[in-house]
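Trainee: What follows is the file protein_33.txt, containing compact mmCIF, C-alpha atoms:
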```txt
# COMPACT_ATOMS: atom_id res chain seq x y z
CA MET A 1 -32.40 84.99 -37.75
CA SER A 2 -31.52 82.89 -34.70
CA ARG A 3 -29.05 84.29 -32.22
CA ILE A 4 -25.92 82.29 -31.54
CA ALA A 5 -23.65 82.49 -28.53
CA ASP A 6 -20.53 80.62 -29.62
CA ARG A 7 -17.76 79.75 -27.14
CA CYS A 8 -16.05 77.17 -29.30
CA ASP A 9 -12.27 77.48 -28.95
CA PRO A 10 -10.43 74.84 -30.99
CA GLY A 11 -7.08 75.84 -29.51
CA CYS A 12 -8.36 75.42 -25.96
CA ARG A 13 -9.96 72.05 -26.79
CA ALA A 14 -6.70 70.87 -28.32
CA TRP A 15 -4.78 71.89 -25.18
CA ILE A 16 -7.29 70.08 -22.93
CA ALA A 17 -7.13 66.95 -25.09
CA GLU A 18 -3.33 66.91 -24.85
CA ALA A 19 -3.48 67.54 -21.09
CA ILE A 20 -5.84 64.59 -20.60
CA ARG A 21 -3.54 62.42 -22.70
CA LYS A 22 -0.59 63.33 -20.47
CA VAL A 23 -2.51 62.55 -17.26
CA GLU A 24 -3.74 59.22 -18.62
CA ALA A 25 -0.28 58.37 -19.91
CA ASP A 26 1.05 58.93 -16.39
CA ALA A 27 -1.51 56.42 -15.08
CA ASN A 28 -0.54 53.97 -17.83
CA ARG A 29 3.11 54.17 -16.75
CA SER A 30 2.25 53.41 -13.13
CA ALA A 31 1.68 49.75 -12.25
CA ASP A 32 -1.09 48.97 -9.77
CA THR A 33 -0.12 49.21 -6.12
CA HIS A 34 0.88 46.05 -4.23
CA LEU A 35 -1.32 44.17 -1.78
CA HIS A 36 0.95 42.92 1.01
CA VAL A 37 0.14 40.18 3.51
CA PHE A 38 0.69 41.33 7.10
CA PRO A 39 2.01 38.51 9.32
CA LEU A 40 -0.68 37.11 11.62
CA PRO A 41 -0.66 33.67 13.27
CA PRO A 42 -1.99 31.28 10.57
CA GLU A 43 -4.09 29.35 13.06
CA TRP A 44 -6.32 32.40 13.52
CA GLY A 45 -7.88 31.82 10.09
CA ILE A 46 -7.83 35.57 9.44
CA ASP A 47 -5.75 37.27 6.75
CA LEU A 48 -4.76 40.94 6.91
CA TYR A 49 -3.75 42.75 3.72
CA LEU A 50 -2.17 46.18 3.32
CA LYS A 51 -2.65 47.90 -0.03
CA ASP A 52 0.53 49.91 -0.46
CA GLU A 53 -0.48 53.31 -1.82
CA SER A 54 2.93 54.74 -0.87
CA VAL A 55 4.42 53.39 -4.11
CA HIS A 56 2.57 55.88 -6.32
CA PRO A 57 4.89 58.37 -8.10
CA THR A 58 4.16 61.01 -5.44
CA GLY A 59 4.27 58.54 -2.56
CA SER A 60 0.72 58.47 -1.23
CA LEU A 61 -2.90 57.45 -1.69
CA LYS A 62 -3.62 61.05 -2.73
CA HIS A 63 -1.99 60.44 -6.12
CA ARG A 64 -5.20 58.69 -7.19
CA LEU A 65 -7.32 61.60 -5.97
CA ALA A 66 -5.14 64.25 -7.62
CA ARG A 67 -5.30 62.42 -10.95
CA SER A 68 -9.10 62.20 -10.72
CA LEU A 69 -9.45 65.86 -9.74
CA PHE A 70 -7.31 67.01 -12.66
CA LEU A 71 -9.26 64.86 -15.13
CA TYR A 72 -12.52 66.16 -13.64
CA GLY A 73 -11.38 69.78 -13.91
CA LEU A 74 -10.10 69.30 -17.47
CA ALA A 75 -13.22 67.51 -18.68
CA ASN A 76 -15.41 70.22 -17.12
CA GLY A 77 -13.41 72.95 -18.84
CA TRP A 78 -12.33 74.46 -15.53
CA ILE A 79 -8.62 73.91 -16.20
CA ARG A 80 -7.06 75.45 -19.29
CA ALA A 81 -3.64 76.54 -20.48
CA GLY A 82 -2.10 78.85 -17.91
CA THR A 83 -4.71 78.22 -15.19
CA VAL A 84 -3.29 78.71 -11.69
CA ILE A 85 -4.25 75.65 -9.62
CA ILE A 86 -5.14 76.34 -5.97
CA GLU A 87 -5.75 73.65 -3.37
CA ALA A 88 -6.58 73.54 0.33
CA SER A 89 -4.66 70.63 1.78
CA SER A 90 -2.98 69.19 4.84
CA GLY A 91 -0.09 68.11 2.64
CA SER A 92 -0.23 64.89 0.63
CA THR A 93 -2.94 65.96 -1.83
CA ALA A 94 -0.96 69.13 -2.47
CA VAL A 95 2.18 67.09 -3.16
CA SER A 96 0.34 65.02 -5.76
CA GLU A 97 -1.43 67.99 -7.33
CA ALA A 98 1.88 69.85 -7.58
CA TYR A 99 3.19 66.85 -9.54
CA PHE A 100 0.30 66.94 -12.03
CA ALA A 101 0.41 70.71 -12.32
CA ARG A 102 4.08 70.49 -13.26
CA LEU A 103 3.24 67.72 -15.75
CA LEU A 104 0.83 70.13 -17.48
CA GLY A 105 3.01 73.24 -17.10
CA LEU A 106 0.59 74.97 -14.72
CA PRO A 107 1.36 77.12 -11.66
CA PHE A 108 0.31 75.55 -8.34
CA VAL A 109 -0.36 77.06 -4.91
CA ALA A 110 -1.05 74.92 -1.83
CA VAL A 111 -2.96 76.56 1.03
CA MET A 112 -2.03 74.58 4.14
CA PRO A 113 -1.97 74.79 7.94
CA ALA A 114 1.32 76.18 9.25
CA SER A 115 1.69 72.93 11.24
CA THR A 116 2.14 70.84 8.07
CA SER A 117 5.31 68.76 8.25
CA PRO A 118 8.43 70.33 6.69
CA GLU A 119 8.95 67.13 4.71
CA LYS A 120 5.64 67.62 2.85
CA ILE A 121 6.33 71.30 2.25
CA GLY A 122 9.69 70.32 0.76
CA LEU A 123 8.03 67.83 -1.60
CA ILE A 124 5.50 70.40 -2.83
CA GLU A 125 8.28 72.84 -3.55
CA PHE A 126 10.30 70.07 -5.24
CA TYR A 127 7.47 69.67 -7.76
CA GLY A 128 7.42 73.42 -8.40
CA GLY A 129 4.50 74.35 -6.16
CA ARG A 130 4.28 77.29 -3.79
CA CYS A 131 3.10 76.86 -0.19
CA HIS A 132 0.78 79.43 1.33
CA LEU A 133 0.67 78.69 5.08
CA VAL A 134 -2.12 79.83 7.41
CA ASP A 135 -2.21 79.75 11.21
CA ASP A 136 -5.89 78.79 11.47
CA PRO A 137 -6.51 75.42 9.74
CA SER A 138 -10.22 76.22 9.33
CA SER A 139 -9.37 79.22 7.14
CA ILE A 140 -7.78 77.20 4.32
CA TYR A 141 -11.06 77.02 2.37
CA ASP A 142 -11.83 80.75 2.35
CA GLU A 143 -8.19 81.62 1.73
CA SER A 144 -8.09 79.25 -1.26
CA ARG A 145 -11.20 80.83 -2.73
CA ARG A 146 -9.75 84.29 -2.19
CA LEU A 147 -6.49 83.42 -3.92
CA ALA A 148 -8.30 81.77 -6.84
CA ALA A 149 -10.53 84.82 -7.33
CA GLU A 150 -7.56 87.16 -7.03
CA CYS A 151 -5.52 85.46 -9.77
CA GLY A 152 -8.34 84.06 -11.90
CA GLY A 153 -7.25 80.53 -11.03
CA HIS A 154 -9.12 77.32 -10.26
CA PHE A 155 -9.73 76.15 -6.69
CA MET A 156 -9.63 72.33 -6.97
CA ASP A 157 -11.60 71.93 -3.69
CA GLN A 158 -10.81 68.31 -2.93
CA PHE A 159 -13.12 68.35 0.07
CA THR A 160 -16.14 68.96 -2.18
CA TYR A 161 -15.24 67.05 -5.33
CA ALA A 162 -13.39 63.97 -4.05
CA GLU A 163 -16.49 61.77 -3.90
CA ARG A 164 -17.68 62.69 -7.40
CA ALA A 165 -14.43 62.96 -9.36
CA THR A 166 -13.70 59.20 -9.11
CA ASP A 167 -15.78 56.66 -11.03
CA TRP A 168 -17.03 54.51 -8.14
CA ARG A 169 -18.39 51.81 -10.49
CA GLY A 170 -14.91 50.73 -11.53
CA ASN A 171 -12.46 52.07 -14.14
CA ASN A 172 -9.57 50.72 -12.05
CA ASN A 173 -10.50 52.65 -8.93
CA ILE A 174 -9.00 51.52 -5.62
CA ALA A 175 -12.00 49.33 -4.73
CA GLU A 176 -11.96 47.43 -8.01
CA SER A 177 -8.21 46.98 -7.65
CA ILE A 178 -8.56 45.48 -4.15
CA PHE A 179 -11.13 42.90 -5.21
CA GLU A 180 -9.20 41.92 -8.34
CA GLN A 181 -6.02 41.41 -6.30
CA LEU A 182 -7.89 39.27 -3.76
CA ARG A 183 -9.46 37.07 -6.44
CA LEU A 184 -7.08 34.12 -5.90
CA GLU A 185 -6.82 34.41 -2.09
CA ARG A 186 -8.53 31.98 0.30
CA PHE A 187 -11.00 34.68 1.39
CA PRO A 188 -11.49 36.71 -1.82
CA GLU A 189 -14.40 38.74 -0.48
CA PRO A 190 -13.06 40.58 2.58
CA SER A 191 -15.08 40.75 5.76
CA TRP A 192 -13.93 44.33 6.32
CA ILE A 193 -12.16 47.13 4.47
CA VAL A 194 -10.69 49.73 6.82
CA VAL A 195 -9.89 53.28 5.70
CA GLY A 196 -9.63 56.75 7.16
CA ALA A 197 -11.54 59.84 6.09
CA GLY A 198 -9.85 63.06 5.04
CA THR A 199 -12.03 64.25 2.21
CA GLY A 200 -14.29 61.21 2.46
CA GLY A 201 -13.61 60.34 -1.17
CA THR A 202 -11.95 56.95 -0.59
CA SER A 203 -14.64 55.71 1.78
CA ALA A 204 -17.36 56.93 -0.61
CA THR A 205 -15.75 55.13 -3.56
CA ILE A 206 -15.29 51.85 -1.68
CA GLY A 207 -18.70 51.97 0.01
CA ARG A 208 -20.51 52.60 -3.26
CA TYR A 209 -18.52 49.98 -5.14
CA VAL A 210 -19.24 47.12 -2.70
CA ARG A 211 -22.95 47.89 -2.89
CA TYR A 212 -22.92 48.23 -6.67
CA ARG A 213 -21.13 44.88 -7.04
CA ARG A 214 -23.41 43.29 -4.38
CA PHE A 215 -20.56 42.25 -2.08
CA GLN A 216 -21.26 41.69 1.62
CA THR A 217 -17.98 43.36 2.63
CA ARG A 218 -18.40 45.91 5.41
CA LEU A 219 -16.67 49.28 5.44
CA ALA A 220 -15.08 50.60 8.65
CA VAL A 221 -13.84 54.19 8.76
CA VAL A 222 -11.28 55.03 11.43
CA ASP A 223 -11.16 58.59 12.71
CA PRO A 224 -8.51 60.22 14.90
CA GLU A 225 -9.33 62.21 18.01
CA GLY A 226 -10.09 65.86 17.31
CA SER A 227 -11.95 65.06 14.09
CA ALA A 228 -15.58 65.95 13.42
CA PHE A 229 -16.43 62.88 11.34
CA PHE A 230 -16.92 60.33 14.14
CA GLY A 231 -19.22 62.55 16.21
CA SER A 232 -21.27 63.43 13.15
CA PHE A 233 -21.63 59.76 12.21
CA ALA A 234 -22.65 58.84 15.76
CA ASP A 235 -25.31 61.51 16.25
CA GLY A 236 -26.25 62.32 12.66
CA ASP A 237 -25.31 66.00 12.90
CA PRO A 238 -23.72 67.10 9.58
CA GLU A 239 -22.88 70.52 11.04
CA ARG A 240 -20.69 69.15 13.82
CA THR A 241 -17.27 70.76 14.24
CA ALA A 242 -14.17 69.81 16.22
CA ALA A 243 -10.69 71.04 17.04
CA GLY A 244 -8.99 69.21 14.17
CA SER A 245 -6.61 66.28 13.99
CA ARG A 246 -2.90 65.84 14.68
CA ILE A 247 -2.83 62.88 12.28
CA GLU A 248 -2.12 64.47 8.91
CA GLY A 249 -4.23 63.42 5.96
CA ILE A 250 -7.27 62.22 7.92
CA GLY A 251 -9.69 63.80 10.36
CA ARG A 252 -11.15 67.25 9.79
CA PRO A 253 -12.41 70.13 11.96
CA ARG A 254 -15.70 70.04 10.03
CA VAL A 255 -17.75 67.43 8.17
CA GLU A 256 -16.57 67.78 4.58
CA PRO A 257 -19.05 67.78 1.66
CA SER A 258 -17.46 64.61 0.21
CA PHE A 259 -18.05 62.58 3.38
CA LEU A 260 -20.84 60.07 2.72
CA PRO A 261 -21.93 58.44 6.01
CA THR A 262 -24.67 56.34 4.41
CA VAL A 263 -22.14 53.94 2.80
CA ILE A 264 -20.19 53.37 6.04
CA ASP A 265 -21.01 50.38 8.26
CA GLN A 266 -18.95 51.33 11.31
CA MET A 267 -16.69 54.10 12.54
CA ILE A 268 -13.93 53.70 15.11
CA ARG A 269 -12.42 56.63 16.97
CA VAL A 270 -8.69 56.12 17.48
CA PRO A 271 -6.58 58.07 20.02
CA ASP A 272 -3.60 59.88 18.50
CA ALA A 273 -1.19 57.97 20.72
CA ALA A 274 -2.67 54.70 19.41
CA SER A 275 -2.19 55.89 15.81
CA VAL A 276 1.49 56.66 16.39
CA ALA A 277 2.04 53.42 18.30
CA ALA A 278 0.41 51.41 15.50
CA MET A 279 2.44 53.30 12.89
CA ARG A 280 5.71 52.30 14.57
CA TRP A 281 4.50 48.75 15.28
CA THR A 282 3.42 48.26 11.65
CA SER A 283 6.80 49.46 10.38
CA ARG A 284 8.61 47.15 12.78
CA VAL A 285 6.50 44.01 12.24
CA GLY A 286 5.62 44.52 8.59
CA GLY A 287 9.02 45.75 7.46
CA ARG A 288 7.71 48.81 5.62
CA ASP A 289 8.07 52.38 6.86
CA VAL A 290 4.54 53.84 7.15
CA GLY A 291 2.96 57.13 8.16
CA GLY A 292 0.55 58.20 10.88
CA SER A 293 -2.72 57.65 9.03
CA THR A 294 -1.62 54.09 8.26
CA GLY A 295 -1.18 53.65 12.00
CA THR A 296 -4.78 54.78 12.50
CA ASN A 297 -5.90 52.23 9.91
CA MET A 298 -3.92 49.46 11.58
CA TRP A 299 -5.27 50.16 15.06
CA GLY A 300 -8.81 49.90 13.69
CA ALA A 301 -7.96 46.72 11.76
CA ALA A 302 -6.51 45.13 14.91
CA GLU A 303 -9.67 45.96 16.87
CA LEU A 304 -11.87 44.40 14.18
CA ILE A 305 -9.72 41.26 13.95
CA ALA A 306 -9.82 40.85 17.73
CA ARG A 307 -13.62 41.00 17.59
CA MET A 308 -13.69 38.48 14.73
CA ARG A 309 -11.51 36.16 16.80
CA ALA A 310 -13.78 36.51 19.82
CA ARG A 311 -16.77 35.48 17.66
CA GLY A 312 -14.89 32.59 16.07
CA GLU A 313 -15.03 34.14 12.59
CA ARG A 314 -12.65 33.51 9.72
CA GLY A 315 -12.04 35.82 6.78
CA SER A 316 -9.91 38.63 5.45
CA VAL A 317 -9.44 42.30 6.34
CA VAL A 318 -7.95 44.92 4.02
CA THR A 319 -6.55 48.32 4.88
CA LEU A 320 -4.21 50.85 3.27
CA ILE A 321 -0.64 52.04 3.58
CA CYS A 322 -1.48 55.66 2.88
CA ASP A 323 2.07 57.03 2.69
CA GLY A 324 5.58 56.47 4.00
CA GLY A 325 6.95 57.29 7.42
CA GLU A 326 9.82 59.36 6.01
CA ARG A 327 7.39 62.27 5.70
CA TYR A 328 6.96 62.35 9.48
CA ALA A 329 10.50 61.91 10.78
CA GLY A 330 10.26 65.17 12.72
CA THR A 331 6.80 64.47 14.17
CA TYR A 332 5.42 60.95 14.67
CA GLY A 333 8.87 59.45 14.32
CA SER A 334 10.35 61.77 16.96
CA ASP A 335 10.19 60.94 20.67
CA ALA A 336 10.85 64.62 21.44
CA TRP A 337 7.78 65.62 19.42
CA LEU A 338 5.65 63.05 21.23
CA ALA A 339 6.80 64.38 24.61
CA ALA A 340 6.03 67.96 23.56
CA GLN A 341 2.54 66.85 22.51
CA GLY A 342 1.99 64.96 25.76
CA LEU A 343 1.48 61.65 23.93
CA ASP A 344 2.34 58.41 25.75
CA ILE A 345 2.36 55.59 23.21
CA GLY A 346 3.72 52.94 25.60
CA PRO A 347 0.39 51.37 26.63
CA TYR A 348 -0.77 51.17 23.03
CA GLU A 349 2.48 49.56 21.88
CA ALA A 350 2.08 46.98 24.64
CA ALA A 351 -1.52 46.31 23.56
CA LEU A 352 -0.43 45.70 19.96
CA GLU A 353 2.36 43.34 21.00
CA ALA A 354 -0.15 41.42 23.13
CA PHE A 355 -2.59 41.34 20.23
CA LEU A 356 -0.10 39.44 18.03
CA LYS A 357 0.35 36.82 20.76
CA THR A 358 -3.25 36.36 21.95
CA GLY A 359 -5.52 37.83 19.26
CA GLU A 360 -7.18 39.87 21.99
CA MET A 361 -7.24 43.63 22.30
CA PRO A 362 -8.97 45.94 24.77
CA VAL A 363 -11.55 48.29 23.27
CA ALA A 364 -9.88 51.17 25.08
CA VAL A 365 -6.38 51.39 26.54
```
Show me this structure written as structure tokens.
Mentor:
Amino acid sequence: MSRIADRCDPGCRAWIAEAIRKVEADANRSADTHLHVFPLPPEWGIDLYLKDESVHPTGSLKHRLARSLFLYGLANGWIRAGTVIIEASSGSTAVSEAYFARLLGLPFVAVMPASTSPEKIGLIEFYGGRCHLVDDPSSIYDESRRLAAECGGHFMDQFTYAERATDWRGNNNIAESIFEQLRLERFPEPSWIVVGAGTGGTSATIGRYVRYRRFQTRLAVVDPEGSAFFGSFADGDPERTAAGSRIEGIGRPRVEPSFLPTVIDQMIRVPDAASVAAMRWTSRVGGRDVGGSTGTNMWGAAELIARMRARGERGSVVTLICDGGERYAGTYGSDAWLAAQGLDIGPYEAALEAFLKTGEMPVAV
């Protein structure tokens, strides 16, 4: 007779089916995020849009990623009833994963650098997660694996699975949403989309989508100082390492597995002081409180628009509000913190104010 190895578990399948229903129901309850127009002089013939990812239930772009990672883990059979969820994170992904873990009744542990803002730690704990802080940011991966092995849990590993957990061909991903929302605008196919890279998942999704749909939109990835991504993109070295970034949510000390340089048209390295200056400037001019990574996005968008102006080009540029500034009141929003870090944002604030008046911006301040 034939031998049979049977792992069928109807009870487990029923739990997974119900868990997927709950995650998809959460998405169904959440309206798509808004696409705001940022005020630029109309005579420039250039429109700047900010897709506001801060309005997700957990307040950041990472809500999309967390949803995709949970669905990926459930569909693969990695997440079951009682599975302890472990994640290595600089904060926002952990906040969103804690939310979904609570939704499914699962324990959650976030392995994070000790420098993570207290506001993010508080949000993770609000959703029932536990924070496991480490002094060396580069150790979060190994520590996550160790904890998962120790408790028989599942290490979500956003830095590996971000680029494959999201359906880049559509299915209401962020790229499809952007183009649908631009459909009735005067420049419906943007000249540039500007995003940062933390896992690399968002840039991979957008870069693949524009190629798949045969758009001519170019993708610019902004990268803060101290991150390994820009140097790796410039010299083609995937093993490049760096000190790590002060701008939470983007920039990494190593080139993450989900980072896909072949779909990126241009990278822009942004000084940390410029990111903070652009964060505050965006909040002041745009009327919405934004975080540090949004500031990085906006500095890059301003540089690109200045170059478009210099070439006499018209068109649209899209970037993201990644999260709200309330998460960084004690860091980027604090003048005392800036002084302690040795960051002088004055010249960058002046450059941004001049940009709104003249449409010109120096490449380096």
Trainee: Record the distance separating CA of Leu356 (chain A) and CA of Phe187 (chain A), expressed in Å with one decimal.
Mentor: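 Separating CA of Leu356 (chain A) from CA of Phe187 (chain A) is a distance of 20.5 Å.
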Trainee: Which distance in Å separates CA of Pro253 (chain A) and CA of Ala234 (chain A), to one decimal?
Mentor: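 Going from CA of Pro253 (chain A) over to CA of Ala234 (chain A) covers 15.7 Å.
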Trainee: For CA of Trp168 (chain A) and CA of Asn76 (chain A), quote the distance in Å rounded to one decimal.
Mentor: 18.2 Å
Trainee: So, with only C-alpha atoms as the atoms that count, which of A:Gly315, A:Gly251, A:Gly330, A:Gly122 lies closest to Leu182 (chain A)?
Mentor: A:Gly315
Trainee: Name all residues at most 10 Å from region 134-141 of chain A (count only C-alpha atoms; drop same-chain ones fewer than 3 positions away) and give them as an NGL selection string.
Mentor: :A and (87-90 or 110-116 or 131 or 144-146 or 155 or 157 or 159 or 243-244 or 252-254)
Trainee: For each of A:Pro57, A:Pro257, A:Pro188, A:Pro118, take the minimum atom-to-atom distance to Asp32 (chain A), counting all atoms listed in the file, then give the residue where this is smallest.
Mentor: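 Using all atoms listed in the file, Asp32 (chain A) sits closest to A:Pro57.
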Trainee: Of the candidates A:Ala27, A:Leu106, A:Ala220, A:Ala340, which shows the shortest atom-to-atom distance to Ser191 (chain A), using all atoms listed in the file?
Mentor: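 For Ser191 (chain A), the nearest of the candidates is A:Ala220.
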Trainee: Identify which of the residues A:Ala228, A:Val285, A:Met298, A:Ile79 lies closest to Ala197 (chain A), counting only C-alpha atoms when measuring atom-to-atom distances.
Mentor: A:Ala228
Trainee: Write out as a list of chain:residue names the residues lying within 9 Å of Ser293 (chain A), counting all atoms listed in the file and excluding same-chain residues fewer than 4 positions away.
Mentor: A:Gly196, A:Pro224, A:Ile247, A:Glu248, A:Gly249, A:Ile250, A:Ser275, A:Val276, A:Met279, A:Asn297, A:Met298, A:Ile321, A:Cys322, A:Asp323
